[in-house]
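Undergrad: For reference, the structure I am asking about is given below.
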Amino acid sequence: MRTGPGRLALVAVAGAVAAAAGCTEFSYISKTYVGLPPQVVTIGCNDPYEVYDQRRERKVLIVSNGLREFTGCGLDGKDPALTRRRRFSEAAATYLRETARETCTIVGETVFTDLQTEFVYSCAEPIEKPGTKVPRLPGRY
């Protein structure tokens with residue numbers, strides 16, 4: 001296999017694009033969820049997930065814990081990636097139910113990292129006006 005200046009430039013460009021994509025995700029998450037207090041929802045065998053709820057945009061960011069992703073209950077030594085989508089979806093649906101939005105359904109999903117997934121949801125009810133008292137789950141702190 002020959003390695004010339006063209007191939008090295010292609011590798012450099014691919015690396016820059018990958019790095020920029022990570023920065024873009026971080027920027028988006030920071031801008032969308034900044035200032036929101038985390039709430040905690042528990043699924044399965046008391047596995048807690050942090051939830052950041054952007055109610056006006058009808059989006060939730062579900063955040064797992066790195067240690068749980070490798071030692072979490074119900075994994076039985078299996079690769080956590082095999083159950084990640086189901087667990088994160090279950091956490092989002094449970095959160096919506098526990099915050100009195102039983103009629104809401106998940107309509108979109110964006111996986112940012114192994115620890116962060118955003119879900120977009122749709123509800124029959126109109127979006128609450130600013131200042132409306134809404135059900136909240138306890139946070140970690």
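Identifiers in this document derive from the order of the structure tokens: chains are assigned A, B, ..., residues are numbered from 1 separately in each chain, and ligands are numbered from 1 in order of occurrence.
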Residues near stretch 98-105 of chain A, anyone? I mean within 12 Å using only C-alpha atoms, not counting same-chain ones fewer than 3 positions away, as a short mmCIF file (atom, residue, chain, number, x, y, z; two decimals) with all heavy atoms, in the first residue's frame.

TA:
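The result, stored in selection_12.cif:
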```cif
data_model
loop_
_atom_site.label_atom_id
_atom_site.label_comp_id
_atom_site.auth_asym_id
_atom_site.auth_seq_id
_atom_site.Cartn_x
_atom_site.Cartn_y
_atom_site.Cartn_z
N GLN A 39 -33.13 15.64 36.37
CA GLN A 39 -34.10 14.86 37.11
C GLN A 39 -33.68 13.41 36.97
O GLN A 39 -32.96 13.06 36.03
CB GLN A 39 -35.50 15.08 36.55
CG GLN A 39 -35.94 16.54 36.63
CD GLN A 39 -37.27 16.77 35.96
OE1 GLN A 39 -38.28 16.29 36.45
NE2 GLN A 39 -37.27 17.47 34.84
N VAL A 40 -34.08 12.57 37.88
CA VAL A 40 -33.64 11.18 37.84
C VAL A 40 -34.84 10.26 37.69
O VAL A 40 -35.82 10.36 38.43
CB VAL A 40 -32.85 10.80 39.12
CG1 VAL A 40 -32.47 9.33 39.11
CG2 VAL A 40 -31.60 11.66 39.23
N VAL A 41 -34.75 9.38 36.70
CA VAL A 41 -35.77 8.35 36.50
C VAL A 41 -35.07 7.01 36.68
O VAL A 41 -33.90 6.84 36.33
CB VAL A 41 -36.43 8.47 35.10
CG1 VAL A 41 -35.46 8.17 33.99
CG2 VAL A 41 -37.65 7.58 35.00
N THR A 42 -35.79 6.07 37.29
CA THR A 42 -35.22 4.76 37.57
C THR A 42 -35.98 3.70 36.79
O THR A 42 -37.21 3.70 36.76
CB THR A 42 -35.32 4.46 39.08
OG1 THR A 42 -34.64 5.52 39.78
CG2 THR A 42 -34.68 3.15 39.43
N ILE A 43 -35.24 2.81 36.15
CA ILE A 43 -35.85 1.70 35.41
C ILE A 43 -35.25 0.39 35.89
O ILE A 43 -34.27 0.38 36.63
CB ILE A 43 -35.66 1.84 33.88
CG1 ILE A 43 -34.18 1.74 33.52
CG2 ILE A 43 -36.26 3.13 33.37
CD1 ILE A 43 -33.94 1.54 32.03
N VAL A 51 -32.18 12.87 33.49
CA VAL A 51 -33.01 13.36 32.40
C VAL A 51 -32.97 14.88 32.41
O VAL A 51 -33.17 15.51 33.45
CB VAL A 51 -34.48 12.89 32.55
CG1 VAL A 51 -35.33 13.40 31.41
CG2 VAL A 51 -34.55 11.38 32.66
N ASP A 53 -34.94 17.83 30.58
CA ASP A 53 -36.18 17.98 29.84
C ASP A 53 -36.31 19.40 29.26
O ASP A 53 -36.39 20.37 30.00
CB ASP A 53 -37.36 17.70 30.78
CG ASP A 53 -38.69 17.64 30.08
OD1 ASP A 53 -38.74 17.75 28.84
OD2 ASP A 53 -39.70 17.48 30.79
N ARG A 55 -38.92 21.05 27.78
CA ARG A 55 -40.37 20.91 27.57
C ARG A 55 -40.89 21.74 26.40
O ARG A 55 -41.75 21.30 25.67
CB ARG A 55 -41.13 21.27 28.84
CG ARG A 55 -40.91 20.27 29.96
CD ARG A 55 -41.67 20.68 31.19
NE ARG A 55 -43.07 20.35 31.09
CZ ARG A 55 -43.65 19.31 31.66
NH1 ARG A 55 -42.93 18.46 32.38
NH2 ARG A 55 -44.94 19.10 31.53
N ARG A 58 -39.98 19.98 23.41
CA ARG A 58 -40.39 18.57 23.50
C ARG A 58 -39.25 17.61 23.16
O ARG A 58 -39.34 16.77 22.28
CB ARG A 58 -41.63 18.32 22.66
CG ARG A 58 -42.82 19.09 23.23
CD ARG A 58 -44.14 18.61 22.78
NE ARG A 58 -45.15 19.25 23.63
CZ ARG A 58 -46.42 19.25 23.38
NH1 ARG A 58 -46.87 18.65 22.31
NH2 ARG A 58 -47.26 19.84 24.19
N LYS A 59 -38.18 17.81 23.91
CA LYS A 59 -37.00 16.96 23.78
C LYS A 59 -36.51 16.61 25.18
O LYS A 59 -36.60 17.43 26.08
CB LYS A 59 -35.86 17.70 23.07
CG LYS A 59 -36.17 18.07 21.65
CD LYS A 59 -35.00 18.85 21.07
CE LYS A 59 -35.29 19.25 19.64
NZ LYS A 59 -34.14 19.98 19.05
N VAL A 60 -35.99 15.40 25.33
CA VAL A 60 -35.35 15.00 26.58
C VAL A 60 -33.99 14.40 26.25
O VAL A 60 -33.84 13.67 25.27
CB VAL A 60 -36.18 14.00 27.41
CG1 VAL A 60 -37.43 14.63 27.96
CG2 VAL A 60 -36.50 12.75 26.64
N SER A 89 -34.53 4.10 25.74
CA SER A 89 -35.92 4.33 25.33
C SER A 89 -36.88 4.11 26.50
O SER A 89 -37.83 4.86 26.69
CB SER A 89 -36.31 3.39 24.18
OG SER A 89 -35.56 3.66 23.04
N GLU A 90 -36.62 3.07 27.28
CA GLU A 90 -37.44 2.79 28.45
C GLU A 90 -37.34 3.92 29.47
O GLU A 90 -38.34 4.33 30.06
CB GLU A 90 -37.02 1.46 29.08
CG GLU A 90 -37.88 1.06 30.27
CD GLU A 90 -37.44 -0.25 30.89
OE1 GLU A 90 -36.64 -1.00 30.29
OE2 GLU A 90 -37.92 -0.54 32.00
N ALA A 91 -36.13 4.47 29.65
CA ALA A 91 -35.96 5.58 30.58
C ALA A 91 -36.75 6.81 30.11
O ALA A 91 -37.41 7.48 30.91
CB ALA A 91 -34.48 5.93 30.73
N ALA A 92 -36.72 7.09 28.82
CA ALA A 92 -37.45 8.25 28.28
C ALA A 92 -38.96 8.05 28.44
O ALA A 92 -39.67 8.96 28.88
CB ALA A 92 -37.09 8.47 26.81
N ALA A 93 -39.47 6.88 28.09
CA ALA A 93 -40.91 6.60 28.20
C ALA A 93 -41.35 6.64 29.66
O ALA A 93 -42.42 7.18 29.99
CB ALA A 93 -41.24 5.25 27.57
N THR A 94 -40.56 6.09 30.56
CA THR A 94 -40.87 6.10 31.99
C THR A 94 -40.91 7.53 32.50
O THR A 94 -41.81 7.91 33.26
CB THR A 94 -39.84 5.27 32.78
OG1 THR A 94 -39.88 3.93 32.30
CG2 THR A 94 -40.13 5.30 34.26
N TYR A 95 -39.95 8.33 32.08
CA TYR A 95 -39.91 9.73 32.49
C TYR A 95 -41.19 10.46 32.06
O TYR A 95 -41.80 11.18 32.85
CB TYR A 95 -38.68 10.43 31.92
CG TYR A 95 -38.70 11.91 32.18
CD1 TYR A 95 -38.40 12.40 33.45
CD2 TYR A 95 -39.09 12.80 31.19
CE1 TYR A 95 -38.45 13.75 33.71
CE2 TYR A 95 -39.15 14.15 31.45
CZ TYR A 95 -38.83 14.62 32.71
OH TYR A 95 -38.91 15.97 32.97
N GLY A 108 -38.66 10.51 17.81
CA GLY A 108 -37.32 10.62 17.23
C GLY A 108 -36.25 10.34 18.26
O GLY A 108 -36.48 10.45 19.46
N GLU A 109 -35.09 9.96 17.78
CA GLU A 109 -33.99 9.60 18.67
C GLU A 109 -32.67 9.99 18.00
O GLU A 109 -32.48 9.76 16.82
CB GLU A 109 -34.03 8.09 18.90
CG GLU A 109 -32.86 7.52 19.62
CD GLU A 109 -32.95 6.00 19.74
OE1 GLU A 109 -34.03 5.43 19.58
OE2 GLU A 109 -31.91 5.39 19.98
N PHE A 119 -34.18 12.23 22.91
CA PHE A 119 -35.45 11.75 22.35
C PHE A 119 -36.35 12.95 22.11
O PHE A 119 -36.45 13.85 22.95
CB PHE A 119 -36.14 10.78 23.32
CG PHE A 119 -35.40 9.49 23.47
CD1 PHE A 119 -34.46 9.33 24.47
CD2 PHE A 119 -35.61 8.44 22.60
CE1 PHE A 119 -33.76 8.15 24.62
CE2 PHE A 119 -34.91 7.25 22.73
CZ PHE A 119 -33.98 7.11 23.74
N VAL A 120 -37.00 12.95 20.97
CA VAL A 120 -38.00 13.96 20.64
C VAL A 120 -39.35 13.29 20.86
O VAL A 120 -39.54 12.14 20.48
CB VAL A 120 -37.87 14.42 19.17
CG1 VAL A 120 -38.94 15.43 18.82
CG2 VAL A 120 -36.49 15.00 18.93
N TYR A 121 -40.27 14.01 21.50
CA TYR A 121 -41.58 13.43 21.76
C TYR A 121 -42.68 14.35 21.26
O TYR A 121 -42.49 15.54 21.05
CB TYR A 121 -41.76 13.08 23.25
CG TYR A 121 -41.62 14.24 24.20
CD1 TYR A 121 -42.74 14.97 24.61
CD2 TYR A 121 -40.39 14.60 24.73
CE1 TYR A 121 -42.62 16.03 25.50
CE2 TYR A 121 -40.26 15.64 25.62
CZ TYR A 121 -41.38 16.36 26.01
OH TYR A 121 -41.27 17.39 26.88
N SER A 122 -43.84 13.75 21.06
CA SER A 122 -45.02 14.48 20.58
C SER A 122 -46.16 14.22 21.55
O SER A 122 -46.31 13.10 22.05
CB SER A 122 -45.38 13.98 19.18
OG SER A 122 -46.56 14.59 18.74
N CYS A 123 -46.95 15.26 21.80
CA CYS A 123 -48.08 15.14 22.73
C CYS A 123 -49.32 15.74 22.09
O CYS A 123 -49.23 16.67 21.28
CB CYS A 123 -47.80 15.89 24.03
SG CYS A 123 -46.27 15.43 24.85
N ALA A 124 -50.48 15.23 22.47
CA ALA A 124 -51.74 15.78 21.98
C ALA A 124 -52.02 17.15 22.62
O ALA A 124 -52.60 18.02 21.98
CB ALA A 124 -52.89 14.81 22.29
N GLU A 125 -51.57 17.33 23.86
CA GLU A 125 -51.82 18.58 24.58
C GLU A 125 -50.88 19.68 24.07
O GLU A 125 -49.78 19.41 23.63
CB GLU A 125 -51.58 18.39 26.09
CG GLU A 125 -52.46 17.35 26.74
CD GLU A 125 -51.92 15.94 26.55
OE1 GLU A 125 -50.74 15.76 26.25
OE2 GLU A 125 -52.73 15.00 26.67
N PRO A 126 -51.33 20.94 24.17
CA PRO A 126 -50.46 22.04 23.76
C PRO A 126 -49.29 22.20 24.73
O PRO A 126 -49.35 21.75 25.88
CB PRO A 126 -51.38 23.27 23.80
CG PRO A 126 -52.50 22.88 24.69
CD PRO A 126 -52.65 21.39 24.61
N ILE A 127 -48.25 22.85 24.28
CA ILE A 127 -47.09 23.12 25.12
C ILE A 127 -47.51 24.09 26.23
O ILE A 127 -48.25 25.04 25.99
CB ILE A 127 -45.94 23.72 24.28
CG1 ILE A 127 -45.47 22.68 23.26
CG2 ILE A 127 -44.80 24.19 25.15
CD1 ILE A 127 -44.46 23.18 22.27
N GLU A 128 -47.04 23.83 27.43
CA GLU A 128 -47.39 24.68 28.57
C GLU A 128 -46.85 26.09 28.39
O GLU A 128 -45.77 26.28 27.85
CB GLU A 128 -46.82 24.10 29.88
CG GLU A 128 -47.27 22.70 30.20
CD GLU A 128 -46.31 21.65 29.67
OE1 GLU A 128 -45.31 22.00 29.02
OE2 GLU A 128 -46.57 20.46 29.91
N LYS A 133 -46.88 25.46 36.45
CA LYS A 133 -46.34 24.49 37.41
C LYS A 133 -46.47 23.10 36.79
O LYS A 133 -47.56 22.68 36.40
CB LYS A 133 -47.15 24.58 38.71
CG LYS A 133 -46.62 23.70 39.80
CD LYS A 133 -45.47 24.38 40.48
CE LYS A 133 -45.10 23.57 41.71
NZ LYS A 133 -43.77 23.75 42.14
N VAL A 134 -45.35 22.40 36.65
CA VAL A 134 -45.35 21.08 36.01
C VAL A 134 -44.74 20.06 36.96
O VAL A 134 -43.91 20.41 37.81
CB VAL A 134 -44.56 21.10 34.68
CG1 VAL A 134 -45.25 21.97 33.65
CG2 VAL A 134 -43.14 21.55 34.89
N PRO A 135 -45.15 18.79 36.86
CA PRO A 135 -44.58 17.75 37.72
C PRO A 135 -43.08 17.59 37.44
O PRO A 135 -42.65 17.61 36.30
CB PRO A 135 -45.33 16.48 37.33
CG PRO A 135 -46.49 16.92 36.53
CD PRO A 135 -46.16 18.27 35.96
N ARG A 136 -42.31 17.45 38.51
CA ARG A 136 -40.87 17.23 38.39
C ARG A 136 -40.47 16.03 39.23
O ARG A 136 -41.05 15.78 40.28
CB ARG A 136 -40.09 18.46 38.88
CG ARG A 136 -40.16 19.63 37.93
CD ARG A 136 -39.17 20.74 38.28
NE ARG A 136 -37.85 20.31 38.68
CZ ARG A 136 -36.85 19.95 37.86
NH1 ARG A 136 -37.05 19.95 36.57
NH2 ARG A 136 -35.69 19.59 38.32
N LEU A 137 -39.48 15.33 38.77
CA LEU A 137 -38.91 14.22 39.54
C LEU A 137 -37.72 14.75 40.32
O LEU A 137 -37.12 15.76 39.95
CB LEU A 137 -38.45 13.11 38.59
CG LEU A 137 -39.54 12.48 37.73
CD1 LEU A 137 -38.93 11.39 36.83
CD2 LEU A 137 -40.64 11.90 38.57
N PRO A 138 -37.37 14.07 41.40
CA PRO A 138 -36.21 14.53 42.17
C PRO A 138 -34.93 14.41 41.35
O PRO A 138 -34.83 13.58 40.46
CB PRO A 138 -36.18 13.60 43.38
CG PRO A 138 -37.00 12.42 42.99
CD PRO A 138 -37.97 12.87 41.94
#
```

Undergrad: Find, counting only C-alpha atoms, the residue in A:Tyr49, A:Leu115, A:Gln54, A:Gly131 that gets nearest to A:Gly35.

TA: A:Gln54

Undergrad: Atom CA of A:Lys78 and atom CA of A:Val63, how far apart in Å?

TA: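 About the pair atom CA of A:Val63 and atom CA of A:Lys78: they are 20.2 Å apart.
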
Undergrad: Which of these, A:Glu50, A:Asp114, A:Phe26, A:Arg97, has the shortest distance to A:Pro80 once you count only C-alpha atoms?

TA: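 Residue with the minimum atom-to-atom distance to A:Pro80: A:Asp114.
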
Undergrad: Taking only C-alpha atoms into account, name the residue in A:Leu96, A:Cys45, A:Leu61, A:Val107 that is nearest to A:Tyr28.

TA: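 Looking at the shortest contact to A:Tyr28, the residue is A:Leu61.
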